[in-house]
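File shown: data_34.txt (compact mmCIF, C-alpha atoms and all ligand atoms).
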# COMPACT_ATOMS: atom_id res chain seq x y z
CA MET A 1 15.21 9.69 -9.82
CA THR A 2 12.10 11.71 -8.93
CA GLU A 3 11.48 12.27 -5.24
CA PRO A 4 8.57 10.09 -3.95
CA VAL A 5 6.90 13.13 -2.36
CA ALA A 6 6.88 14.94 -5.70
CA ILE A 7 5.39 11.84 -7.33
CA LEU A 8 2.62 11.69 -4.72
CA ARG A 9 1.73 15.30 -5.53
CA GLN A 10 1.28 14.63 -9.24
CA ALA A 11 -2.26 14.76 -10.56
CA PRO A 12 -4.00 11.50 -11.53
CA ALA A 13 -5.27 11.03 -15.10
CA ALA A 14 -8.39 12.81 -16.32
CA GLU A 15 -11.24 10.56 -17.55
CA GLY A 16 -10.42 8.90 -20.90
CA GLN A 17 -6.89 10.35 -20.99
CA HIS A 18 -4.11 8.01 -22.15
CA ARG A 19 -0.84 9.28 -20.79
CA LYS A 20 2.79 8.41 -21.34
CA LEU A 21 3.85 6.79 -18.10
CA LYS A 22 7.36 6.69 -16.71
CA ILE A 23 7.68 3.74 -14.37
CA GLY A 24 10.85 3.77 -12.26
CA ILE A 25 11.68 0.39 -10.73
CA LEU A 26 14.33 -0.39 -8.14
CA ARG A 27 16.34 -3.17 -9.76
CA TYR A 28 18.62 -5.51 -7.82
CA ASN A 29 19.24 -9.22 -7.90
CA PRO A 30 21.25 -10.40 -4.89
CA GLN A 31 21.80 -13.77 -6.63
CA GLU A 32 23.92 -12.08 -9.32
CA PRO A 33 27.33 -10.93 -8.03
CA GLU A 34 27.62 -8.12 -10.60
CA SER A 35 24.16 -6.70 -9.79
CA VAL A 36 24.04 -3.32 -7.99
CA PRO A 37 20.85 -1.61 -6.78
CA HIS A 38 19.74 1.07 -9.26
CA MET A 39 16.56 2.70 -10.55
CA GLN A 40 15.55 1.79 -14.09
CA THR A 41 12.85 3.77 -15.87
CA TYR A 42 10.47 2.29 -18.44
CA ASP A 43 8.21 4.35 -20.73
CA LEU A 44 4.75 2.96 -21.29
CA GLU A 45 1.53 4.09 -22.96
CA GLU A 46 -1.35 3.99 -20.50
CA ALA A 47 -4.41 1.91 -21.45
CA ASP A 48 -8.01 1.92 -20.20
CA GLY A 49 -8.34 0.18 -16.84
CA MET A 50 -4.59 -0.39 -16.60
CA THR A 51 -3.42 -1.74 -13.26
CA LEU A 52 0.20 -2.00 -12.20
CA PHE A 53 -0.17 -5.75 -12.78
CA ILE A 54 -0.96 -5.07 -16.45
CA ALA A 55 1.75 -2.41 -16.72
CA LEU A 56 4.46 -4.67 -15.27
CA ASN A 57 3.47 -7.57 -17.51
CA GLU A 58 3.59 -5.32 -20.55
CA ILE A 59 7.06 -4.12 -19.56
CA ARG A 60 8.23 -7.69 -19.10
CA GLU A 61 6.72 -8.85 -22.39
CA THR A 62 7.79 -5.94 -24.59
CA GLN A 63 10.83 -4.35 -22.96
CA ASP A 64 12.63 -6.38 -20.32
CA ALA A 65 12.16 -10.12 -19.78
CA SER A 66 14.57 -10.06 -16.83
CA LEU A 67 12.22 -8.07 -14.55
CA HIS A 68 11.17 -9.98 -11.40
CA PHE A 69 7.79 -9.45 -9.69
CA ASP A 70 5.11 -11.71 -8.18
CA PHE A 71 1.42 -12.12 -8.98
CA VAL A 72 -0.93 -15.09 -8.53
CA CYS A 73 -4.61 -14.14 -8.21
CA ARG A 74 -4.71 -10.61 -9.74
CA ALA A 75 -7.74 -10.00 -7.51
CA GLY A 76 -6.42 -8.83 -4.13
CA ILE A 77 -6.73 -12.29 -2.60
CA CYS A 78 -3.32 -14.00 -2.57
CA GLY A 79 -1.26 -11.08 -1.22
CA SER A 80 1.75 -11.85 -3.42
CA CYS A 81 1.88 -8.61 -5.44
CA ALA A 82 2.49 -6.19 -2.55
CA MET A 83 5.22 -3.65 -3.27
CA VAL A 84 6.10 -0.07 -2.39
CA ILE A 85 4.19 2.14 -4.83
CA ASN A 86 5.20 5.79 -4.73
CA GLY A 87 6.57 5.27 -1.24
CA ARG A 88 3.58 3.40 0.16
CA PRO A 89 3.08 -0.38 0.52
CA ALA A 90 0.09 -1.54 -1.56
CA LEU A 91 -1.14 -4.31 -3.84
CA ALA A 92 -0.05 -3.80 -7.44
CA CYS A 93 -2.97 -5.79 -8.87
CA ARG A 94 -5.47 -3.47 -7.15
CA THR A 95 -3.73 -0.23 -8.11
CA LEU A 96 -5.02 1.57 -11.21
CA THR A 97 -2.42 3.69 -12.97
CA LYS A 98 -5.07 6.38 -13.61
CA ASN A 99 -5.11 7.08 -9.86
CA LEU A 100 -1.38 7.83 -9.87
CA GLY A 101 0.65 10.58 -11.48
CA PRO A 102 2.42 9.85 -14.80
CA GLU A 103 5.69 9.18 -12.96
CA ILE A 104 5.45 6.08 -10.79
CA SER A 105 8.12 4.61 -8.54
CA LEU A 106 8.13 0.94 -7.54
CA ALA A 107 10.35 -0.76 -4.97
CA PRO A 108 10.26 -4.12 -3.18
CA LEU A 109 8.75 -4.33 0.30
CA PRO A 110 11.41 -3.70 2.94
CA VAL A 111 11.85 -6.04 5.96
CA PHE A 112 11.35 -9.23 3.88
CA GLU A 113 14.12 -11.18 2.18
CA LEU A 114 14.69 -9.82 -1.31
CA ILE A 115 14.49 -12.43 -4.09
CA ALA A 116 15.07 -9.96 -6.94
CA ASP A 117 13.70 -6.58 -8.11
CA LEU A 118 10.08 -6.38 -6.81
CA SER A 119 9.91 -9.96 -5.60
CA VAL A 120 10.34 -10.66 -1.86
CA ASN A 121 9.98 -13.77 0.28
CA THR A 122 7.04 -12.86 2.52
CA GLY A 123 6.24 -16.57 3.00
CA LYS A 124 9.45 -17.23 4.94
CA TRP A 125 8.79 -14.30 7.30
CA MET A 126 5.10 -15.23 7.76
CA ARG A 127 5.90 -18.87 8.46
CA ALA A 128 8.51 -17.99 11.12
CA MET A 129 6.10 -15.51 12.76
CA SER A 130 3.27 -18.02 12.67
CA GLU A 131 5.43 -20.73 14.26
CA ARG A 132 6.51 -18.37 17.04
CA LEU A 133 2.87 -17.48 17.74
CA GLU A 134 1.58 -21.02 17.22
CA GLY A 135 -0.90 -19.61 14.74
CA TRP A 136 -3.34 -22.47 14.58
CA VAL A 137 -6.39 -23.61 16.60
CA HIS A 138 -5.19 -25.59 19.63
CA MET A 139 -7.86 -28.22 20.25
CA LYS A 140 -8.01 -30.42 23.35
CA GLU A 141 -8.17 -33.71 21.51
CA LYS A 142 -4.95 -35.22 20.23
CA GLU A 143 -6.83 -36.45 17.17
CA VAL A 144 -8.57 -33.65 15.28
CA ASP A 145 -12.33 -34.10 15.68
CA LEU A 146 -13.86 -32.91 12.40
CA SER A 147 -17.37 -32.76 13.86
CA ARG A 148 -16.09 -30.25 16.43
CA ILE A 149 -14.49 -28.11 13.76
CA GLU A 150 -17.96 -27.75 12.28
CA GLU A 151 -19.55 -27.01 15.69
CA ARG A 152 -22.07 -24.18 15.54
CA MET A 153 -21.05 -20.80 16.85
CA GLU A 154 -23.03 -17.62 17.29
CA PRO A 155 -23.24 -15.73 13.96
CA GLU A 156 -21.98 -12.53 15.61
CA LEU A 157 -18.88 -14.34 16.88
CA ALA A 158 -18.32 -16.07 13.55
CA GLN A 159 -18.54 -12.66 11.89
CA GLN A 160 -15.98 -11.19 14.31
CA ILE A 161 -13.55 -14.06 13.60
CA TYR A 162 -14.19 -13.80 9.86
CA GLU A 163 -13.39 -10.08 9.98
CA LEU A 164 -9.89 -10.79 11.36
CA ASP A 165 -9.44 -13.87 9.15
CA ARG A 166 -9.59 -11.68 6.03
CA CYS A 167 -5.83 -11.05 6.35
CA ILE A 168 -4.10 -12.16 3.14
CA GLU A 169 -0.57 -12.00 4.64
CA CYS A 170 0.51 -9.53 1.98
CA GLY A 171 3.08 -7.93 4.30
CA CYS A 172 2.04 -4.30 3.70
CA CYS A 173 1.50 -3.69 7.43
CA VAL A 174 4.96 -5.03 8.24
CA ALA A 175 6.67 -3.08 5.46
CA GLY A 176 5.03 0.16 6.63
CA CYS A 177 5.88 -0.31 10.31
CA GLY A 178 8.90 1.47 11.85
CA THR A 179 9.18 -1.10 14.65
CA ALA A 180 9.37 -3.98 12.17
CA ARG A 181 12.26 -2.16 10.46
CA MET A 182 14.15 -1.98 13.78
CA ARG A 183 13.27 -5.29 15.45
CA GLU A 184 13.93 -8.41 13.45
CA ASP A 185 11.62 -10.60 15.57
CA PHE A 186 8.75 -8.13 15.93
CA VAL A 187 5.59 -10.05 15.02
CA GLY A 188 4.00 -7.00 13.39
CA ALA A 189 0.37 -6.08 13.14
CA VAL A 190 -0.23 -9.24 11.10
CA GLY A 191 0.99 -11.37 14.05
CA LEU A 192 -0.92 -9.40 16.65
CA ASN A 193 -4.04 -9.72 14.48
CA LYS A 194 -3.47 -13.48 14.42
CA ILE A 195 -3.48 -13.64 18.23
CA ALA A 196 -6.63 -11.50 18.35
CA ARG A 197 -8.28 -13.93 15.93
CA PHE A 198 -7.39 -17.16 17.81
CA ARG A 199 -8.27 -15.54 21.14
CA LEU A 200 -11.85 -15.18 19.89
CA ASP A 201 -12.10 -18.78 18.66
CA PRO A 202 -14.13 -20.91 21.15
CA ARG A 203 -12.50 -24.11 19.81
CA ASP A 204 -9.05 -22.94 20.91
CA THR A 205 -8.27 -24.22 24.39
CA ARG A 206 -5.66 -21.55 25.14
CA GLY A 207 -6.60 -18.90 27.69
CA ASP A 208 -5.71 -15.19 27.77
CA ASP A 209 -2.54 -15.91 29.79
CA ASP A 210 -1.31 -18.33 27.11
CA PHE A 211 -2.01 -15.86 24.32
CA TYR A 212 -0.49 -12.91 26.10
CA GLU A 213 2.60 -14.94 27.01
CA LEU A 214 3.24 -15.17 23.26
CA ILE A 215 3.05 -11.40 22.65
CA GLY A 216 3.83 -9.89 26.07
CA ASP A 217 7.26 -8.44 25.21
CA ASP A 218 8.99 -5.95 22.93
CA ASN A 219 8.67 -8.30 19.97
CA GLY A 220 4.93 -8.31 20.56
CA VAL A 221 2.39 -5.84 21.79
CA PHE A 222 4.84 -3.76 23.88
CA GLY A 223 7.13 -3.22 20.88
CA CYS A 224 4.31 -1.52 18.98
CA MET A 225 4.80 2.26 19.18
CA SER A 226 1.31 3.03 17.84
CA LEU A 227 2.72 4.37 14.59
CA LEU A 228 -0.53 3.31 12.86
CA ALA A 229 0.96 2.85 9.38
CA CYS A 230 -0.24 -0.77 9.53
CA HIS A 231 -3.81 0.43 9.92
CA ASP A 232 -3.44 2.99 7.11
CA VAL A 233 -1.93 0.69 4.49
CA CYS A 234 -3.76 -2.62 5.10
CA PRO A 235 -5.49 -3.33 1.75
CA LYS A 236 -8.17 -5.37 3.53
CA GLU A 237 -8.86 -2.49 5.95
CA LEU A 238 -8.53 -4.72 9.00
CA PRO A 239 -9.09 -2.92 12.31
CA LEU A 240 -5.44 -3.40 13.30
CA ALA A 241 -4.91 -0.38 15.55
CA THR A 242 -8.15 -1.12 17.44
CA GLN A 243 -7.16 -4.74 18.03
CA ILE A 244 -3.64 -3.87 19.20
CA ALA A 245 -4.90 -1.13 21.55
CA PHE A 246 -7.54 -3.50 22.97
CA MET A 247 -5.03 -6.25 23.72
CA ARG A 248 -2.53 -3.83 25.22
CA ARG A 249 -5.18 -2.35 27.54
CA LYS A 250 -6.28 -5.82 28.57
CA MET A 251 -2.75 -6.97 29.24
CA VAL A 252 -1.89 -3.90 31.32
CA ALA A 253 -5.09 -4.48 33.34
CA MET A 254 -3.94 -8.08 33.91
CA GLY A 255 -0.57 -6.85 35.24
CA TRP A 256 1.60 -7.18 32.11
CA LYS A 257 4.06 -4.33 31.52
FE1 LIG A 301 -1.77 -7.47 4.66
FE2 LIG A 301 -3.56 -6.36 6.30
FE3 LIG A 301 -2.83 -8.88 6.67
FE4 LIG A 301 -1.12 -6.92 7.19
S1 LIG A 301 -3.04 -7.33 8.26
S2 LIG A 301 -0.65 -8.78 6.12
S3 LIG A 301 -1.63 -5.44 5.61
S4 LIG A 301 -3.92 -8.03 4.90
FE1 LIG A 302 3.79 -0.75 13.74
FE2 LIG A 302 1.19 -0.62 13.53
FE3 LIG A 302 2.29 -0.65 15.90
S1 LIG A 302 2.66 0.46 12.30
S2 LIG A 302 4.26 0.35 15.59
S3 LIG A 302 2.34 -2.30 14.44
S4 LIG A 302 0.50 0.51 15.28
FE1 LIG A 303 -2.93 -11.73 -5.62
FE2 LIG A 303 -2.39 -9.14 -6.14
S1 LIG A 303 -1.93 -10.88 -7.35
S2 LIG A 303 -3.24 -9.99 -4.35
Transcribe the structure of this file into C-alpha cells.
Ligand code: SF4
Ligand code: F3S
Ligand code: FES
Amino acid sequence: MTEPVAILRQAPAAEGQHRKLKIGILRYNPQEPESVPHMQTYDLEEADGMTLFIALNEIRETQDASLHFDFVCRAGICGSCAMVINGRPALACRTLTKNLGPEISLAPLPVFELIADLSVNTGKWMRAMSERLEGWVHMKEKEVDLSRIEERMEPELAQQIYELDRCIECGCCVAGCGTARMREDFVGAVGLNKIARFRLDPRDTRGDDDFYELIGDDNGVFGCMSLLACHDVCPKELPLATQIAFMRRKMVAMGWK
C-alpha cells in the first residue's frame, strides 16, 4: 500500500491527460464473519471530468459489484458521500480525479459506525448528537404556531443563521477531529455549530445559560483542543473555528470553566 503522504505529493493530471489510475480502497464488511480489513487496488482509465463518484460507480459496474459506498445527490448537498480521500475527509462527489495523483487511497470516515467498505452510518451519530443538544427551535407555544415560524427577521440576522444552516451533516469535521476520536460523546464542530445556530434564532426561547449548559463540559466546548481540522476540511467552508472560539470566550466571561 502506498503511504498517504507520498500520494499527497503526487502531481495532479495535466490538462487533457487521461491517466491510468490506481484506486486503493480499504475493504471490510463487519457483517461478514470471514471479512478482514485489507486494501484492494482497482485500475481505471481516467475520463474527462471524472469525479470519485463516477470512478467508484465504474468500478462497481465493471469490476466489483460487492463494493459498498454511499451517494444520493452527487452535488455536495446530501453529505452522504464523505470518505477519507488520500488521508483527508472530503466529499467524493465533489472531488475530481484530475486534482489528485494517479494513485488514490480511499477509506471510510473514522468515528462513525462502519456499515461496509466506504459506507458509514453518520445518521445514527448525528441523531444522537442532535438529541443530546436538543437541536431544534424551542418555541414557547405548546402548539407550533406556523405564522410565527414565518415571522419577519432582519435580513442580516437571517443571513447569519443561513450561513450556519448550510451544514450538510457530512461528518468530515468529526472524522478529522482528534478529540472526536478520543471522546465518544464529544459533540464535534457540527454540534457546536448547531448550538451557535439556534442561539442566534430569535424564535428559540432558550437563553445563553440553557445553551451553554448543553455544551459546557469536556464533551462540548471545553473538550475542543483547537486542533482546527474541522475548519480545514469542512466542504461548506463553515466558520467553525470562529464560532467555537466565540462561544468559549463568552462562556469563560460568564464564569464557565
Ligand atoms: Fe460537514 Fe461542515 Fe457540517 Fe461538519 S460542519 S458536518 S464538515 S458541513
Ligand atoms: Fe476538533 Fe475542531 Fe476543536 S478539529 S478539537 S472541534 S477546533
Ligand atoms: Fe450528496 Fe456527495 S452525493 S454530497
Give me the residues of chain A that have any atom at most 9 Å from an atom of ligand LIG 301 (chain A); for each, the nearest atom pair and the distance in Å, rounded to one decimal. Use all atoms listed in the file, sort by chain and number, and format it as a Markdown table.
| residue | atom | partner | partner_atom | distance |
| --- | --- | --- | --- | --- |
| A:Gly79 | CA | A:LIG301 | FE1 | 6.9 |
| A:Ala82 | CA | A:LIG301 | FE1 | 8.5 |
| A:Pro89 | CA | A:LIG301 | S3 | 8.6 |
| A:Ala90 | CA | A:LIG301 | S3 | 8.3 |
| A:Met126 | CA | A:LIG301 | S2 | 8.8 |
| A:Leu164 | CA | A:LIG301 | S1 | 8.3 |
| A:Asp165 | CA | A:LIG301 | FE3 | 8.6 |
| A:Arg166 | CA | A:LIG301 | S4 | 6.8 |
| A:Cys167 | CA | A:LIG301 | FE3 | 3.7 |
| A:Ile168 | CA | A:LIG301 | S4 | 4.5 |
| A:Glu169 | CA | A:LIG301 | S2 | 3.5 |
| A:Cys170 | CA | A:LIG301 | FE1 | 4.1 |
| A:Gly171 | CA | A:LIG301 | S2 | 4.2 |
| A:Cys172 | CA | A:LIG301 | S3 | 4.3 |
| A:Cys173 | CA | A:LIG301 | S3 | 4.0 |
| A:Val174 | CA | A:LIG301 | FE4 | 6.5 |
| A:Ala175 | CA | A:LIG301 | S3 | 8.6 |
| A:Gly176 | CA | A:LIG301 | S3 | 8.8 |
| A:Gly188 | CA | A:LIG301 | FE4 | 8.0 |
| A:Ala189 | CA | A:LIG301 | S1 | 6.1 |
| A:Val190 | CA | A:LIG301 | S1 | 4.4 |
| A:Gly191 | CA | A:LIG301 | S1 | 8.1 |
| A:Leu192 | CA | A:LIG301 | S1 | 8.9 |
| A:Asn193 | CA | A:LIG301 | S1 | 6.7 |
| A:Lys194 | CA | A:LIG301 | S1 | 8.7 |
| A:Cys230 | CA | A:LIG301 | S3 | 6.3 |
| A:His231 | CA | A:LIG301 | S3 | 7.6 |
| A:Asp232 | CA | A:LIG301 | S3 | 8.8 |
| A:Val233 | CA | A:LIG301 | S3 | 6.2 |
| A:Cys234 | CA | A:LIG301 | S3 | 3.6 |
| A:Pro235 | CA | A:LIG301 | FE2 | 5.8 |
| A:Lys236 | CA | A:LIG301 | S4 | 5.2 |
| A:Glu237 | CA | A:LIG301 | FE2 | 6.6 |
| A:Leu238 | CA | A:LIG301 | FE2 | 5.9 |
| A:Pro239 | CA | A:LIG301 | S1 | 8.5 |
| A:Leu240 | CA | A:LIG301 | S1 | 6.8 |
May I have the selected residues written with C-alpha atoms, as a tab-separated table (two decimals), keeping the file's coordinate frame?
chain	number	residue	atom	x	y	z
A	79	GLY	CA	-1.26	-11.08	-1.22
A	82	ALA	CA	2.49	-6.19	-2.55
A	89	PRO	CA	3.08	-0.38	0.52
A	90	ALA	CA	0.09	-1.54	-1.56
A	126	MET	CA	5.10	-15.23	7.76
A	164	LEU	CA	-9.89	-10.79	11.36
A	165	ASP	CA	-9.44	-13.87	9.15
A	166	ARG	CA	-9.59	-11.68	6.03
A	167	CYS	CA	-5.83	-11.05	6.35
A	168	ILE	CA	-4.10	-12.16	3.14
A	169	GLU	CA	-0.57	-12.00	4.64
A	170	CYS	CA	0.51	-9.53	1.98
A	171	GLY	CA	3.08	-7.93	4.30
A	172	CYS	CA	2.04	-4.30	3.70
A	173	CYS	CA	1.50	-3.69	7.43
A	174	VAL	CA	4.96	-5.03	8.24
A	175	ALA	CA	6.67	-3.08	5.46
A	176	GLY	CA	5.03	0.16	6.63
A	188	GLY	CA	4.00	-7.00	13.39
A	189	ALA	CA	0.37	-6.08	13.14
A	190	VAL	CA	-0.23	-9.24	11.10
A	191	GLY	CA	0.99	-11.37	14.05
A	192	LEU	CA	-0.92	-9.40	16.65
A	193	ASN	CA	-4.04	-9.72	14.48
A	194	LYS	CA	-3.47	-13.48	14.42
A	230	CYS	CA	-0.24	-0.77	9.53
A	231	HIS	CA	-3.81	0.43	9.92
A	232	ASP	CA	-3.44	2.99	7.11
A	233	VAL	CA	-1.93	0.69	4.49
A	234	CYS	CA	-3.76	-2.62	5.10
A	235	PRO	CA	-5.49	-3.33	1.75
A	236	LYS	CA	-8.17	-5.37	3.53
A	237	GLU	CA	-8.86	-2.49	5.95
A	238	LEU	CA	-8.53	-4.72	9.00
A	239	PRO	CA	-9.09	-2.92	12.31
A	240	LEU	CA	-5.44	-3.40	13.30
Can you tell me which residues surround Gly216 in chain A at a distance of at most 8 Å, considering all atoms listed in the file, apart from same-chain residues fewer than 5 positions away, and format the answer as an MDAnalysis selection string? chainID A and resid 221:222 251 256:257
Gap from CA of Ile104 in chain A to CA of Ile59 in chain A - Å, one decimal: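 Those two atoms sit 13.5 Å apart.
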Got a sec: who's within 12 Å of Ala92 in chain A, counting all atoms listed in the file, leaving out chain neighbours fewer than 4 positions off, as JSON, numbers by chain? {"A": [50, 51, 52, 53, 54, 55, 56, 57, 69, 70, 71, 72, 73, 74, 75, 76, 77, 78, 79, 80, 81, 82, 83, 84, 85, 86, 88, 96, 97, 100, 104, 105, 106, 107, 108, 109, 118, 119, 170, 172, 235]}
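Distance-wise, CA of Asp117 in chain A and CA of Gly87 in chain A end up 15.4 Å apart.
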Neighbours of ligand LIG 302 (chain A) within 6 Å, counting only C-alpha atoms and all ligand atoms, as a PDB file with C-alpha atoms, in the coordinates of the input?
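Written file, selection.pdb:
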ATOM      1  CA  CYS A 177       5.880  -0.310  10.310  1.00  0.00           C
ATOM      2  CA  GLY A 178       8.900   1.470  11.850  1.00  0.00           C
ATOM      3  CA  THR A 179       9.180  -1.100  14.650  1.00  0.00           C
ATOM      4  CA  GLY A 188       4.000  -7.000  13.390  1.00  0.00           C
ATOM      5  CA  ALA A 189       0.370  -6.080  13.140  1.00  0.00           C
ATOM      6  CA  CYS A 224       4.310  -1.520  18.980  1.00  0.00           C
ATOM      7  CA  MET A 225       4.800   2.260  19.180  1.00  0.00           C
ATOM      8  CA  SER A 226       1.310   3.030  17.840  1.00  0.00           C
ATOM      9  CA  LEU A 227       2.720   4.370  14.590  1.00  0.00           C
ATOM     10  CA  LEU A 228      -0.530   3.310  12.860  1.00  0.00           C
ATOM     11  CA  ALA A 229       0.960   2.850   9.380  1.00  0.00           C
ATOM     12  CA  CYS A 230      -0.240  -0.770   9.530  1.00  0.00           C
ATOM     13  CA  ALA A 241      -4.910  -0.380  15.550  1.00  0.00           C
TER      14      ALA A 241
END
Nearest to ligand LIG 303 (chain A) by atom-to-atom distance, counting all atoms listed in the file, from A:Gln40, A:Thr95, A:Phe186, A:Glu15: A:Thr95
Measuring between all atoms listed in the file, which one of A:Asp204, A:Phe198, A:Val252, A:Pro33 shows the shortest distance to Asp217 in chain A?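 Counting all atoms listed in the file, the residue closest to Asp217 in chain A is A:Val252.
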Of A:Trp125, A:Ile244, A:Ile195, A:Pro110, the one sitting nearest Arg181 in chain A when using all atoms listed in the file is A:Pro110
